[in-house]
Amino acid sequence: MKEPRHSGEIFCYYLILTGVARFLVEIIRINPPWILGLSNAQVASAVSVFGGLILLFFLKRVSAAKS
């Protein structure tokens with residue numbers, strides 16, 4: 001049987017998936033580069049993806065420590 005999701009896990013997946021989707025959409029759009037050749041929205045998307053990954057990592061780590 002499938003294990004239940006940990007509190008906050010779906011939110012982490014949301015941050016990751018919306019960040020990836022937004023980053024891909026911003027490749028098509030023509031926006032002026034801001035940092036490292038990326039637009040402001042691409043940087044925000046990358047922050048969302050990395051933030052989601054970091055939160056998910058710590059969430060899994062804390063839940064493993066409780067078990």
# chains A, B, ... in the order shown; residues from 1 in each chain; ligands from 1

$ select_by_dssp --residues "region 11-63 of chain A" --states "alpha helix (DSSP H)" --output "PyMOL selection string"
chain A and resi 11-28+40-63

$ residues_around --residues "region 16-27 of chain A" --least-positions-apart "6" --cutoff "10 Å" --atoms "only C-alpha atoms" --output "ChimeraX atom specification"
/A:10,38-53,56

$ write_last_selection --atoms "N, CA, C and O atoms" --output "mmCIF file, in the first residue's frame"
data_model
loop_
_atom_site.group_PDB
_atom_site.id
_atom_site.type_symbol
_atom_site.label_atom_id
_atom_site.label_comp_id
_atom_site.auth_asym_id
_atom_site.auth_seq_id
_atom_site.Cartn_x
_atom_site.Cartn_y
_atom_site.Cartn_z
ATOM 1 N N ILE A 10 3.269 17.987 -0.994
ATOM 2 C CA ILE A 10 2.585 18.392 -2.222
ATOM 3 C C ILE A 10 2.930 19.838 -2.568
ATOM 4 O O ILE A 10 3.092 20.185 -3.736
ATOM 5 N N LEU A 38 19.552 35.499 -17.994
ATOM 6 C CA LEU A 38 18.196 35.045 -17.698
ATOM 7 C C LEU A 38 17.306 36.243 -17.396
ATOM 8 O O LEU A 38 17.759 37.247 -16.841
ATOM 9 N N SER A 39 16.036 36.123 -17.755
ATOM 10 C CA SER A 39 15.096 37.200 -17.443
ATOM 11 C C SER A 39 14.719 37.138 -15.963
ATOM 12 O O SER A 39 15.004 36.164 -15.269
ATOM 13 N N ASN A 40 14.051 38.180 -15.524
ATOM 14 C CA ASN A 40 13.612 38.258 -14.130
ATOM 15 C C ASN A 40 12.701 37.081 -13.787
ATOM 16 O O ASN A 40 12.822 36.470 -12.716
ATOM 17 N N ALA A 41 11.772 36.744 -14.695
ATOM 18 C CA ALA A 41 10.840 35.634 -14.441
ATOM 19 C C ALA A 41 11.571 34.294 -14.422
ATOM 20 O O ALA A 41 11.194 33.394 -13.669
ATOM 21 N N GLN A 42 12.605 34.124 -15.243
ATOM 22 C CA GLN A 42 13.368 32.876 -15.232
ATOM 23 C C GLN A 42 14.134 32.720 -13.928
ATOM 24 O O GLN A 42 14.229 31.617 -13.391
ATOM 25 N N VAL A 43 14.666 33.805 -13.420
ATOM 26 C CA VAL A 43 15.370 33.750 -12.132
ATOM 27 C C VAL A 43 14.390 33.389 -11.022
ATOM 28 O O VAL A 43 14.686 32.539 -10.172
ATOM 29 N N ALA A 44 13.207 34.002 -11.037
ATOM 30 C CA ALA A 44 12.189 33.679 -10.029
ATOM 31 C C ALA A 44 11.762 32.221 -10.137
ATOM 32 O O ALA A 44 11.550 31.552 -9.118
ATOM 33 N N SER A 45 11.653 31.715 -11.352
ATOM 34 C CA SER A 45 11.292 30.305 -11.557
ATOM 35 C C SER A 45 12.376 29.380 -11.021
ATOM 36 O O SER A 45 12.080 28.364 -10.384
ATOM 37 N N ALA A 46 13.620 29.724 -11.282
ATOM 38 C CA ALA A 46 14.728 28.905 -10.784
ATOM 39 C C ALA A 46 14.757 28.909 -9.255
ATOM 40 O O ALA A 46 15.000 27.870 -8.630
ATOM 41 N N VAL A 47 14.486 30.060 -8.661
ATOM 42 C CA VAL A 47 14.424 30.143 -7.195
ATOM 43 C C VAL A 47 13.296 29.264 -6.665
ATOM 44 O O VAL A 47 13.454 28.571 -5.651
ATOM 45 N N SER A 48 12.161 29.253 -7.361
ATOM 46 C CA SER A 48 11.040 28.410 -6.956
ATOM 47 C C SER A 48 11.413 26.929 -7.013
ATOM 48 O O SER A 48 11.106 26.173 -6.092
ATOM 49 N N VAL A 49 12.075 26.521 -8.089
ATOM 50 C CA VAL A 49 12.476 25.115 -8.239
ATOM 51 C C VAL A 49 13.468 24.730 -7.143
ATOM 52 O O VAL A 49 13.298 23.714 -6.460
ATOM 53 N N PHE A 50 14.499 25.531 -6.962
ATOM 54 C CA PHE A 50 15.510 25.209 -5.949
ATOM 55 C C PHE A 50 14.930 25.276 -4.541
ATOM 56 O O PHE A 50 15.265 24.453 -3.690
ATOM 57 N N GLY A 51 14.048 26.237 -4.295
ATOM 58 C CA GLY A 51 13.395 26.314 -2.990
ATOM 59 C C GLY A 51 12.544 25.086 -2.712
ATOM 60 O O GLY A 51 12.560 24.544 -1.611
ATOM 61 N N GLY A 52 11.803 24.635 -3.724
ATOM 62 C CA GLY A 52 10.995 23.430 -3.568
ATOM 63 C C GLY A 52 11.840 22.200 -3.318
ATOM 64 O O GLY A 52 11.496 21.347 -2.500
ATOM 65 N N LEU A 53 12.968 22.107 -4.037
ATOM 66 C CA LEU A 53 13.868 20.966 -3.841
ATOM 67 C C LEU A 53 14.481 20.967 -2.441
ATOM 68 O O LEU A 53 14.573 19.924 -1.793
ATOM 69 N N LEU A 56 11.784 20.079 0.096
ATOM 70 C CA LEU A 56 11.474 18.654 0.001
ATOM 71 C C LEU A 56 12.580 17.813 0.639
ATOM 72 O O LEU A 56 12.304 16.846 1.345
#

$ closest_residue --among "A:Ile35, A:Leu15, A:Ile30, A:Gly8" --to "Val62 (chain A)" --atoms "only C-alpha atoms"
A:Gly8

$ atom_distance --atom1 "CA of Lys66 (chain A)" --atom2 "CA of Tyr14 (chain A)"
24.1 Å

$ atom_distance --atom1 "CA of Ser7 (chain A)" --atom2 "CA of Phe58 (chain A)"
11.9 Å

$ decode --residues "region 42-67 of chain A" --atoms "N, CA, C and O atoms" --output "mmCIF file, in the first residue's frame"
data_model
loop_
_atom_site.group_PDB
_atom_site.id
_atom_site.type_symbol
_atom_site.label_atom_id
_atom_site.label_comp_id
_atom_site.auth_asym_id
_atom_site.auth_seq_id
_atom_site.Cartn_x
_atom_site.Cartn_y
_atom_site.Cartn_z
ATOM 1 N N GLN A 42 12.605 34.124 -15.243
ATOM 2 C CA GLN A 42 13.368 32.876 -15.232
ATOM 3 C C GLN A 42 14.134 32.720 -13.928
ATOM 4 O O GLN A 42 14.229 31.617 -13.391
ATOM 5 N N VAL A 43 14.666 33.805 -13.420
ATOM 6 C CA VAL A 43 15.370 33.750 -12.132
ATOM 7 C C VAL A 43 14.390 33.389 -11.022
ATOM 8 O O VAL A 43 14.686 32.539 -10.172
ATOM 9 N N ALA A 44 13.207 34.002 -11.037
ATOM 10 C CA ALA A 44 12.189 33.679 -10.029
ATOM 11 C C ALA A 44 11.762 32.221 -10.137
ATOM 12 O O ALA A 44 11.550 31.552 -9.118
ATOM 13 N N SER A 45 11.653 31.715 -11.352
ATOM 14 C CA SER A 45 11.292 30.305 -11.557
ATOM 15 C C SER A 45 12.376 29.380 -11.021
ATOM 16 O O SER A 45 12.080 28.364 -10.384
ATOM 17 N N ALA A 46 13.620 29.724 -11.282
ATOM 18 C CA ALA A 46 14.728 28.905 -10.784
ATOM 19 C C ALA A 46 14.757 28.909 -9.255
ATOM 20 O O ALA A 46 15.000 27.870 -8.630
ATOM 21 N N VAL A 47 14.486 30.060 -8.661
ATOM 22 C CA VAL A 47 14.424 30.143 -7.195
ATOM 23 C C VAL A 47 13.296 29.264 -6.665
ATOM 24 O O VAL A 47 13.454 28.571 -5.651
ATOM 25 N N SER A 48 12.161 29.253 -7.361
ATOM 26 C CA SER A 48 11.040 28.410 -6.956
ATOM 27 C C SER A 48 11.413 26.929 -7.013
ATOM 28 O O SER A 48 11.106 26.173 -6.092
ATOM 29 N N VAL A 49 12.075 26.521 -8.089
ATOM 30 C CA VAL A 49 12.476 25.115 -8.239
ATOM 31 C C VAL A 49 13.468 24.730 -7.143
ATOM 32 O O VAL A 49 13.298 23.714 -6.460
ATOM 33 N N PHE A 50 14.499 25.531 -6.962
ATOM 34 C CA PHE A 50 15.510 25.209 -5.949
ATOM 35 C C PHE A 50 14.930 25.276 -4.541
ATOM 36 O O PHE A 50 15.265 24.453 -3.690
ATOM 37 N N GLY A 51 14.048 26.237 -4.295
ATOM 38 C CA GLY A 51 13.395 26.314 -2.990
ATOM 39 C C GLY A 51 12.544 25.086 -2.712
ATOM 40 O O GLY A 51 12.560 24.544 -1.611
ATOM 41 N N GLY A 52 11.803 24.635 -3.724
ATOM 42 C CA GLY A 52 10.995 23.430 -3.568
ATOM 43 C C GLY A 52 11.840 22.200 -3.318
ATOM 44 O O GLY A 52 11.496 21.347 -2.500
ATOM 45 N N LEU A 53 12.968 22.107 -4.037
ATOM 46 C CA LEU A 53 13.868 20.966 -3.841
ATOM 47 C C LEU A 53 14.481 20.967 -2.441
ATOM 48 O O LEU A 53 14.573 19.924 -1.793
ATOM 49 N N ILE A 54 14.884 22.136 -1.987
ATOM 50 C CA ILE A 54 15.484 22.238 -0.654
ATOM 51 C C ILE A 54 14.459 21.907 0.422
ATOM 52 O O ILE A 54 14.745 21.153 1.361
ATOM 53 N N LEU A 55 13.246 22.466 0.291
ATOM 54 C CA LEU A 55 12.194 22.156 1.265
ATOM 55 C C LEU A 55 11.857 20.674 1.268
ATOM 56 O O LEU A 55 11.665 20.072 2.327
ATOM 57 N N LEU A 56 11.784 20.079 0.096
ATOM 58 C CA LEU A 56 11.474 18.654 0.001
ATOM 59 C C LEU A 56 12.580 17.813 0.639
ATOM 60 O O LEU A 56 12.304 16.846 1.345
ATOM 61 N N PHE A 57 13.832 18.203 0.411
ATOM 62 C CA PHE A 57 14.959 17.495 1.011
ATOM 63 C C PHE A 57 14.877 17.524 2.539
ATOM 64 O O PHE A 57 15.004 16.498 3.197
ATOM 65 N N PHE A 58 14.651 18.714 3.102
ATOM 66 C CA PHE A 58 14.570 18.830 4.553
ATOM 67 C C PHE A 58 13.335 18.136 5.110
ATOM 68 O O PHE A 58 13.376 17.549 6.182
ATOM 69 N N LEU A 59 12.237 18.177 4.368
ATOM 70 C CA LEU A 59 11.025 17.497 4.790
ATOM 71 C C LEU A 59 11.239 15.996 4.879
ATOM 72 O O LEU A 59 10.859 15.356 5.865
ATOM 73 N N LYS A 60 11.866 15.429 3.865
ATOM 74 C CA LYS A 60 12.159 13.983 3.866
ATOM 75 C C LYS A 60 13.136 13.634 4.975
ATOM 76 O O LYS A 60 13.021 12.602 5.630
ATOM 77 N N ARG A 61 14.109 14.513 5.180
ATOM 78 C CA ARG A 61 15.125 14.266 6.213
ATOM 79 C C ARG A 61 14.511 14.268 7.609
ATOM 80 O O ARG A 61 14.814 13.401 8.437
ATOM 81 N N VAL A 62 13.645 15.237 7.870
ATOM 82 C CA VAL A 62 13.004 15.337 9.184
ATOM 83 C C VAL A 62 12.051 14.160 9.403
ATOM 84 O O VAL A 62 12.014 13.579 10.490
ATOM 85 N N SER A 63 11.319 13.783 8.350
ATOM 86 C CA SER A 63 10.373 12.673 8.515
ATOM 87 C C SER A 63 11.112 11.350 8.700
ATOM 88 O O SER A 63 10.626 10.455 9.402
ATOM 89 N N ALA A 64 12.280 11.202 8.090
ATOM 90 C CA ALA A 64 13.072 9.988 8.284
ATOM 91 C C ALA A 64 13.640 9.931 9.702
ATOM 92 O O ALA A 64 13.766 8.866 10.293
ATOM 93 N N ALA A 65 13.979 11.099 10.252
ATOM 94 C CA ALA A 65 14.527 11.152 11.605
ATOM 95 C C ALA A 65 13.449 10.797 12.639
ATOM 96 O O ALA A 65 13.747 10.237 13.688
ATOM 97 N N LYS A 66 12.194 11.134 12.336
ATOM 98 C CA LYS A 66 11.104 10.844 13.265
ATOM 99 C C LYS A 66 10.759 9.359 13.273
ATOM 100 O O LYS A 66 10.244 8.851 14.245
ATOM 101 N N SER A 67 11.040 8.677 12.157
ATOM 102 C CA SER A 67 10.670 7.259 12.050
ATOM 103 C C SER A 67 11.589 6.358 12.817
ATOM 104 O O SER A 67 12.652 6.551 13.148
#
